[in-house]
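S.K.: The structure file my_file13.txt (compact mmCIF, C-alpha atoms) is provided below.
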# COMPACT_ATOMS: atom_id res chain seq x y z
CA MET A 125 10.42 5.20 -22.68
CA HIS A 126 10.10 8.21 -20.51
CA ASN A 127 9.64 9.41 -17.12
CA ILE A 128 12.24 6.90 -16.27
CA GLN A 129 15.40 8.97 -16.57
CA GLN A 130 17.31 8.15 -19.72
CA TYR A 131 20.85 8.78 -20.75
CA SER A 132 21.81 9.54 -24.30
CA SER A 133 24.43 7.84 -26.72
CA SER A 134 26.16 10.78 -28.27
CA GLU A 135 28.02 12.26 -25.39
CA SER A 136 30.67 10.03 -26.30
CA SER A 137 29.31 10.93 -26.36
CA ASP A 138 28.63 12.11 -22.83
CA GLU A 139 25.20 10.74 -23.40
CA ASN A 140 24.23 7.20 -22.80
CA ASP A 141 21.24 5.07 -22.15
CA ASP A 142 18.49 4.46 -19.69
CA PRO A 143 19.26 3.58 -16.06
CA GLN A 144 16.99 0.58 -16.58
CA ASN A 145 19.71 -0.52 -18.95
CA GLN A 146 22.57 -0.12 -16.54
CA PRO A 147 25.41 -2.46 -17.43
CA SER A 148 26.27 -5.54 -15.46
CA ALA A 149 29.82 -5.35 -16.84
CA LYS A 150 32.55 -4.03 -14.60
CA LEU A 151 33.69 -0.44 -14.93
CA PRO A 152 36.92 0.35 -16.78
CA PRO A 153 40.14 -0.61 -14.97
CA SER A 154 40.87 1.43 -11.88
CA LYS A 155 42.95 4.58 -12.08
CA GLU A 156 45.85 2.74 -10.49
CA LEU A 157 45.87 0.17 -13.31
CA LEU A 158 45.56 2.86 -15.95
CA ARG A 159 47.96 5.35 -14.44
CA VAL A 160 50.73 6.75 -16.60
CA PRO A 161 53.44 8.82 -14.90
CA THR A 162 53.02 12.56 -15.38
CA THR A 163 55.31 15.46 -14.71
CA PRO A 164 55.44 16.20 -10.96
CA GLY A 165 53.53 19.35 -10.15
CA ALA A 166 51.84 19.49 -13.56
CA PRO A 167 48.33 21.04 -13.28
CA GLU A 168 45.35 18.70 -13.63
CA PRO A 169 43.07 19.45 -16.61
CA GLU A 170 39.93 21.33 -15.60
CA ASN A 171 36.62 19.49 -15.36
CA ASP A 172 34.29 22.49 -15.29
CA PRO A 173 31.08 21.68 -17.23
CA SER A 174 30.32 25.40 -17.68
CA LYS A 175 33.43 25.70 -19.87
CA HIS A 176 32.67 22.61 -21.98
CA GLN A 177 29.00 23.01 -23.01
CA GLY A 178 27.85 20.97 -20.01
CA ARG A 179 30.15 18.03 -20.73
CA VAL A 180 31.57 16.16 -17.75
CA ARG A 181 34.54 13.81 -17.89
CA SER A 182 33.46 10.25 -17.12
CA PHE A 183 37.03 9.36 -16.11
CA ALA A 184 40.08 11.27 -14.99
CA HIS A 185 42.46 12.66 -17.60
CA GLU A 186 45.62 10.52 -17.87
CA ARG A 187 48.49 10.90 -20.29
CA GLY A 188 48.72 8.02 -22.74
CA ILE A 189 45.06 7.09 -22.16
CA TRP A 190 42.70 7.74 -25.05
CA ALA A 191 38.91 8.20 -24.86
CA SER A 192 37.43 5.86 -27.46
CA TYR A 193 34.19 4.48 -28.90
CA VAL A 194 32.86 2.55 -31.92
CA PHE A 195 29.95 4.02 -33.86
CA ILE A 196 27.92 4.33 -37.06
CA ASP A 197 28.32 7.73 -38.73
CA TYR A 198 25.23 9.81 -39.58
CA ASN A 199 26.94 13.07 -40.58
CA GLU A 200 26.41 12.56 -44.33
CA ILE A 201 22.61 12.40 -44.16
CA ASP A 202 21.36 15.82 -45.30
CA ALA A 203 17.82 15.27 -44.00
CA PHE A 204 19.14 15.50 -40.43
CA ASP A 205 20.32 19.04 -41.20
CA ASP A 206 16.75 19.96 -42.24
CA LEU A 207 15.36 18.27 -39.12
CA GLN A 208 17.74 20.21 -36.90
CA LYS A 209 16.77 23.53 -38.50
CA GLN A 210 13.04 22.87 -38.20
CA LEU A 211 13.10 21.71 -34.60
CA ILE A 212 15.47 24.47 -33.44
CA ALA A 213 13.02 27.01 -34.86
CA LYS A 214 10.00 25.21 -33.40
CA ALA A 215 11.52 24.91 -29.90
CA SER A 216 12.53 28.56 -29.91
CA LYS A 217 9.05 29.74 -30.96
CA ASP A 218 6.84 27.33 -29.01
CA LEU A 219 8.96 26.51 -25.95
CA GLN A 220 11.31 29.51 -25.68
CA LEU A 221 14.05 26.90 -25.55
CA ASP A 222 17.42 27.22 -27.27
CA LEU A 223 18.41 23.90 -28.81
CA ASN A 224 21.89 23.34 -30.25
CA ARG A 225 23.06 21.06 -33.05
CA ALA A 226 24.94 17.94 -31.96
CA ASP A 227 28.52 18.17 -33.24
CA ASN A 228 28.83 14.65 -34.64
CA LEU A 229 25.75 12.63 -35.53
CA HIS A 230 26.32 8.98 -34.77
CA LEU A 231 24.85 5.80 -33.32
CA SER A 232 27.04 4.35 -30.57
CA LEU A 233 27.86 0.63 -30.54
CA THR A 234 30.12 0.75 -27.47
CA LYS A 235 30.30 2.85 -24.38
CA THR A 236 33.02 5.47 -24.24
CA PHE A 237 36.08 3.71 -22.85
CA VAL A 238 39.75 4.38 -22.24
CA LEU A 239 42.53 2.68 -24.17
CA ARG A 240 46.29 2.86 -23.70
CA HIS A 241 48.16 4.24 -26.68
CA HIS A 242 50.24 1.09 -27.16
CA ASN A 243 47.06 -1.05 -27.32
CA ILE A 244 45.38 0.93 -30.12
CA ALA A 245 46.81 -0.95 -33.13
CA ALA A 246 46.09 -4.38 -31.66
CA PHE A 247 42.56 -3.37 -30.63
CA VAL A 248 41.83 -1.99 -34.12
CA GLU A 249 42.92 -5.25 -35.74
CA ASN A 250 40.90 -7.25 -33.22
CA VAL A 251 37.74 -5.31 -34.10
CA ARG A 252 38.49 -5.42 -37.83
CA SER A 253 38.79 -9.21 -37.69
CA GLY A 254 35.65 -9.54 -35.58
CA VAL A 255 33.38 -7.58 -37.94
CA SER A 256 34.98 -8.77 -41.20
CA GLU A 257 32.15 -11.25 -41.93
CA THR A 258 29.33 -8.82 -41.12
CA ARG A 259 27.10 -7.91 -44.06
CA ARG A 260 25.85 -4.44 -44.82
CA PHE A 261 22.39 -3.61 -43.54
CA ARG A 262 19.86 -0.79 -43.42
CA ILE A 263 18.67 1.00 -40.26
CA ALA A 264 15.06 2.19 -40.08
CA LEU A 265 14.03 4.91 -37.61
CA SER A 266 10.93 5.16 -35.43
CA ASP A 267 10.25 8.31 -33.40
CA LEU A 268 11.75 10.95 -31.12
CA ALA A 269 12.97 10.45 -27.56
CA VAL A 270 14.50 12.59 -24.82
CA TYR A 271 17.69 11.68 -22.97
CA THR A 272 20.04 13.28 -20.45
CA ASN A 273 23.63 12.64 -19.59
CA GLU A 274 24.28 10.96 -16.24
CA GLU A 275 25.09 14.24 -14.50
CA ASN A 276 21.90 15.93 -15.84
CA THR A 277 24.01 18.79 -17.19
CA ARG A 278 22.74 18.31 -20.76
CA THR A 279 19.47 17.16 -22.33
CA PHE A 280 19.28 15.57 -25.78
CA LEU A 281 16.61 15.15 -28.42
CA ALA A 282 17.19 11.94 -30.35
CA VAL A 283 15.68 9.72 -33.03
CA LYS A 284 15.20 6.11 -31.95
CA VAL A 285 16.01 3.15 -34.14
CA ALA A 286 13.00 1.04 -35.19
CA ASP A 287 12.61 -2.35 -33.51
CA GLN A 288 13.05 -4.22 -36.80
CA SER A 289 16.61 -2.87 -37.08
CA TYR A 290 17.72 -4.10 -33.65
CA GLY A 291 18.77 -7.54 -34.95
CA PRO A 292 21.91 -6.57 -36.90
CA LEU A 293 22.80 -3.88 -34.35
CA SER A 294 22.57 -6.34 -31.47
CA SER A 295 24.75 -8.81 -33.40
CA LEU A 296 27.38 -6.12 -33.93
CA VAL A 297 27.29 -5.17 -30.26
CA ALA A 298 27.81 -8.82 -29.30
CA THR A 299 30.82 -9.01 -31.62
CA LEU A 300 32.27 -5.77 -30.26
CA ASP A 301 31.64 -6.88 -26.68
CA THR A 302 33.89 -9.88 -27.37
CA SER A 303 36.73 -7.51 -28.28
CA MET A 304 35.98 -5.34 -25.27
CA LYS A 305 36.17 -8.32 -22.91
CA GLU A 306 39.54 -9.33 -24.32
CA TYR A 307 40.91 -5.94 -23.28
CA LYS A 308 38.99 -5.89 -19.98
CA LEU A 309 36.88 -2.96 -21.17
CA PRO A 310 33.21 -2.28 -20.30
CA THR A 311 30.65 -4.02 -22.50
CA PHE A 312 27.55 -2.30 -23.89
CA TYR A 313 24.20 -2.02 -22.10
CA GLN A 314 22.26 -5.24 -21.58
CA ASP A 315 19.06 -3.79 -23.04
CA PRO A 316 20.24 -0.84 -25.14
CA SER A 317 18.14 1.97 -26.54
CA PHE A 318 19.73 2.54 -29.95
CA HIS A 319 19.36 6.15 -31.04
CA ILE A 320 20.96 9.14 -32.78
CA SER A 321 21.08 12.31 -30.69
CA PHE A 322 20.90 15.36 -32.95
CA LEU A 323 19.99 18.32 -30.70
CA TRP A 324 20.93 19.28 -27.15
CA CYS A 325 20.48 22.00 -24.53
CA LEU A 326 22.08 22.79 -21.20
CA GLY A 327 20.56 21.52 -17.96
CA ASP A 328 17.83 18.98 -17.28
CA ARG A 329 14.99 20.04 -19.61
CA ARG A 330 13.60 16.53 -19.93
CA LYS A 331 10.09 17.35 -18.67
CA LEU A 332 9.69 20.38 -20.93
CA LEU A 333 10.69 18.41 -24.02
CA GLU A 334 8.71 15.30 -23.10
CA ASP A 335 5.58 17.39 -22.52
CA SER A 336 6.00 18.78 -26.05
CA LEU A 337 7.14 15.55 -27.68
CA ALA A 338 3.88 14.96 -29.59
CA SER A 339 4.21 18.30 -31.37
CA LEU A 340 7.92 17.78 -32.09
CA GLN A 341 7.12 14.28 -33.33
CA GLU A 342 4.73 15.68 -35.93
CA THR A 343 7.57 17.70 -37.45
CA PHE A 344 9.83 14.66 -37.50
CA ALA A 345 7.15 12.37 -38.95
CA ALA A 346 6.41 14.78 -41.81
CA LEU A 347 10.08 15.06 -42.76
CA TYR A 348 10.71 11.33 -42.33
CA GLU A 349 7.86 10.54 -44.70
CA GLU A 350 9.49 12.74 -47.35
CA GLU A 351 13.08 11.62 -46.71
CA TYR A 352 12.45 7.99 -45.77
CA CYS A 353 15.04 6.50 -48.12
CA ASP A 354 17.70 9.06 -47.23
CA MET A 355 17.27 8.85 -43.45
CA ASN A 356 17.20 5.03 -43.33
CA ALA A 357 20.97 4.66 -43.48
CA ASN A 358 22.60 1.84 -45.44
CA VAL A 359 25.42 0.82 -43.09
CA LYS A 360 28.56 0.02 -45.10
CA GLN A 361 31.18 0.88 -42.48
CA LEU A 362 31.75 1.09 -38.75
CA HIS A 363 33.97 3.80 -37.30
CA PHE A 364 36.28 3.93 -34.30
CA LYS A 365 37.31 7.22 -32.66
CA CYS A 366 40.31 7.01 -30.35
CA GLY A 367 41.42 10.37 -29.05
CA ASN A 368 41.99 12.41 -32.22
CA LYS A 369 42.44 9.35 -34.43
CA TYR A 370 39.75 7.76 -36.61
CA TYR A 371 39.58 4.24 -38.07
CA SER A 372 37.02 2.62 -40.39
CA PHE A 373 35.92 -1.00 -40.77
CA ASP A 374 34.27 -2.03 -44.05
CA LEU A 375 31.31 -4.43 -43.98
CA LEU A 376 30.65 -7.04 -46.68
Once more with this new file: its structure as structure tokens, please.
M.R.:
Amino acid sequence: MHNIQQYSSSESSDENDDPQNQPSAKLPPSKELLRVPTTPGAPEPENDPSKHQGRVRSFAHERGIWASYVFIDYNEIDAFDDLQKQLIAKASKDLQLDLNRADNLHLSLTKTFVLRHHNIAAFVENVRSGVSETRRFRIALSDLAVYTNEENTRTFLAVKVADQSYGPLSSLVATLDTSMKEYKLPTFYQDPSFHISFLWCLGDRRKLLEDSLASLQETFAALYEEEYCDMNANVKQLHFKCGNKYYSFDLL
């Protein structure tokens, strides 16, 4: 997948996928359409990546506009904690590279988008109705991959989803895209690279990590063989983060 620059899913993430997979969908509505009046003379929020662990806003801050995304939660899988510990130690010793734990382990099913506060309840019910007939399924993993955010201010180490698990994920994305279109929001990537980003570092360290990927992969493969059942998540719920609010959608 590499040497073509890739963008990772958890920067929501400010990480998202491969430029090969650039969306054909339109960008979110223009700032003029989204604008909410603010207090005259009020200072604009800072967008300094050095103060936010390399994160860069993908859209301007607006009052009443909430950054949102739909995802599958991976925070309850203990084996990822072991994987993080082992690879942080390995990267520090072998690469002299400081890797950091990703805050929230998840698999994105939408891009990060903006939603007006008064649309939240209706959007939640729209999604809930859309996924209500979806059956639970299991996600198998394959191997490691390296991603960057679009601004190349952060690099991510991720686990890719196995090809055999793309079917139910693609069906969910299609269902969610229907809801997104109804609210004139950006749909997901045409040819997505489903993955869970679990470690990150500042700057563009893609080449360093890709050159060492075989060695890092050995560590992952050994742990995955031991924790196969635990790491292959049984998806019972989808989750929706909207600003500081969280919603869950049960599957059948």
S.K.: Can you pull out the residues contacting A:Asp354? Cut-off 10 Å, using all atoms listed in the file, and skip same-chain residues under 4 positions away; I want them as a PyMOL selection string.
M.R.: chain A and resi 200-204+348+350+358
S.K.: Please identify all polymer residues within 12 Å of A:Ser336, counting all atoms listed in the file, omitting same-chain residues fewer than 5 positions from it, and present them as an MDAnalysis selection string.
M.R.: chainID A and resid 211 214:215 218:221 268:270 281 329:331 341:343
S.K.: When distances are computed from all atoms listed in the file, which of A:Val194, A:Ala282, A:Leu239, A:Cys353 shows the smallest separation from A:Arg252?
M.R.: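 Of all the options, A:Val194 lies closest to A:Arg252.
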S.K.: Could you jot down the atom CA of A:Thr302 to atom CA of A:Ala245 separation for me, Å, one decimal place?
M.R.: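 For atom CA of A:Thr302 relative to atom CA of A:Ala245, the distance reads 16.7 Å.
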S.K.: Counting all atoms listed in the file, which residue out of A:Ser266, A:Ser216, A:Ser232, A:Ser253 sits closest to A:Met355?
M.R.: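 Smallest separation from A:Met355 among the options: A:Ser266.
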S.K.: Within 12 Å of (23.5, 20.1, -40.6), in the coordinates the file gives, what residues turn up when you count only C-alpha atoms, written out as number ranges by chain?
M.R.: A: 198-210, 212, 224-229, 322-323
S.K.: Interatomic distance between atom CA of A:Cys325 and atom CA of A:His230?
M.R.: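 For atom CA of A:Cys325 relative to atom CA of A:His230, the distance reads 17.6 Å.
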S.K.: Which is closest to A:Gly367 among A:Thr258, A:Thr299, A:Ser192, A:Ser294, if we use all atoms listed in the file?
M.R.: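 Looking only at the distances to A:Gly367, the closest residue turns out to be A:Ser192.
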S.K.: Between A:Phe312, A:Trp324, A:Phe195, A:Trp190, which one has atoms that come closest to A:Thr279, using all atoms listed in the file?
M.R.: A:Trp324
S.K.: Between atom CA of A:Leu293 and atom CA of A:Ser317, measure the distance and give it in Å to one decimal.
M.R.: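 Atom-to-atom, atom CA of A:Leu293 and atom CA of A:Ser317 are spaced 10.8 Å apart.
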S.K.: How big is the axis-aligned box around all listed atoms of stretch 240-258 of chain A once 4 Å goes on each side, and where's its centre, in Å to one decimal, as JSON?
M.R.:
{"center_x": 39.8, "center_y": -3.5, "center_z": -32.8, "size_x": 28.9, "size_y": 23.5, "size_z": 26.2}
S.K.: Looking at A:Ile196, A:Ile263, A:Cys366, A:Ala357, which one is nearest to A:Asn243, with distances taken over all atoms listed in the file?
M.R.: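 Distance minimum relative to A:Asn243 lands on A:Cys366.
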S.K.: Might you pull out every residue within 12 Å of A:His241, with only C-alpha atoms counted and same-chain residues fewer than 6 positions away left off, and present them as an MDAnalysis selection string?
M.R.: chainID A and resid 158 160 186:192 247:248 366:369
S.K.: Emit the selected residues as an mmCIF file, in the frame of the given file, including C-alpha atoms.
M.R.:
data_model
loop_
_atom_site.group_PDB
_atom_site.id
_atom_site.type_symbol
_atom_site.label_atom_id
_atom_site.label_comp_id
_atom_site.auth_asym_id
_atom_site.auth_seq_id
_atom_site.Cartn_x
_atom_site.Cartn_y
_atom_site.Cartn_z
ATOM 1 C CA LEU A 158 45.560 2.860 -15.950
ATOM 2 C CA VAL A 160 50.730 6.750 -16.600
ATOM 3 C CA GLU A 186 45.620 10.520 -17.870
ATOM 4 C CA ARG A 187 48.490 10.900 -20.290
ATOM 5 C CA GLY A 188 48.720 8.020 -22.740
ATOM 6 C CA ILE A 189 45.060 7.090 -22.160
ATOM 7 C CA TRP A 190 42.700 7.740 -25.050
ATOM 8 C CA ALA A 191 38.910 8.200 -24.860
ATOM 9 C CA SER A 192 37.430 5.860 -27.460
ATOM 10 C CA PHE A 247 42.560 -3.370 -30.630
ATOM 11 C CA VAL A 248 41.830 -1.990 -34.120
ATOM 12 C CA CYS A 366 40.310 7.010 -30.350
ATOM 13 C CA GLY A 367 41.420 10.370 -29.050
ATOM 14 C CA ASN A 368 41.990 12.410 -32.220
ATOM 15 C CA LYS A 369 42.440 9.350 -34.430
#
S.K.: Of the candidates A:Val251, A:Ala346, A:Ile244, A:Leu375, which one gets nearest to A:Ser303 if we count all atoms listed in the file?
M.R.: A:Val251
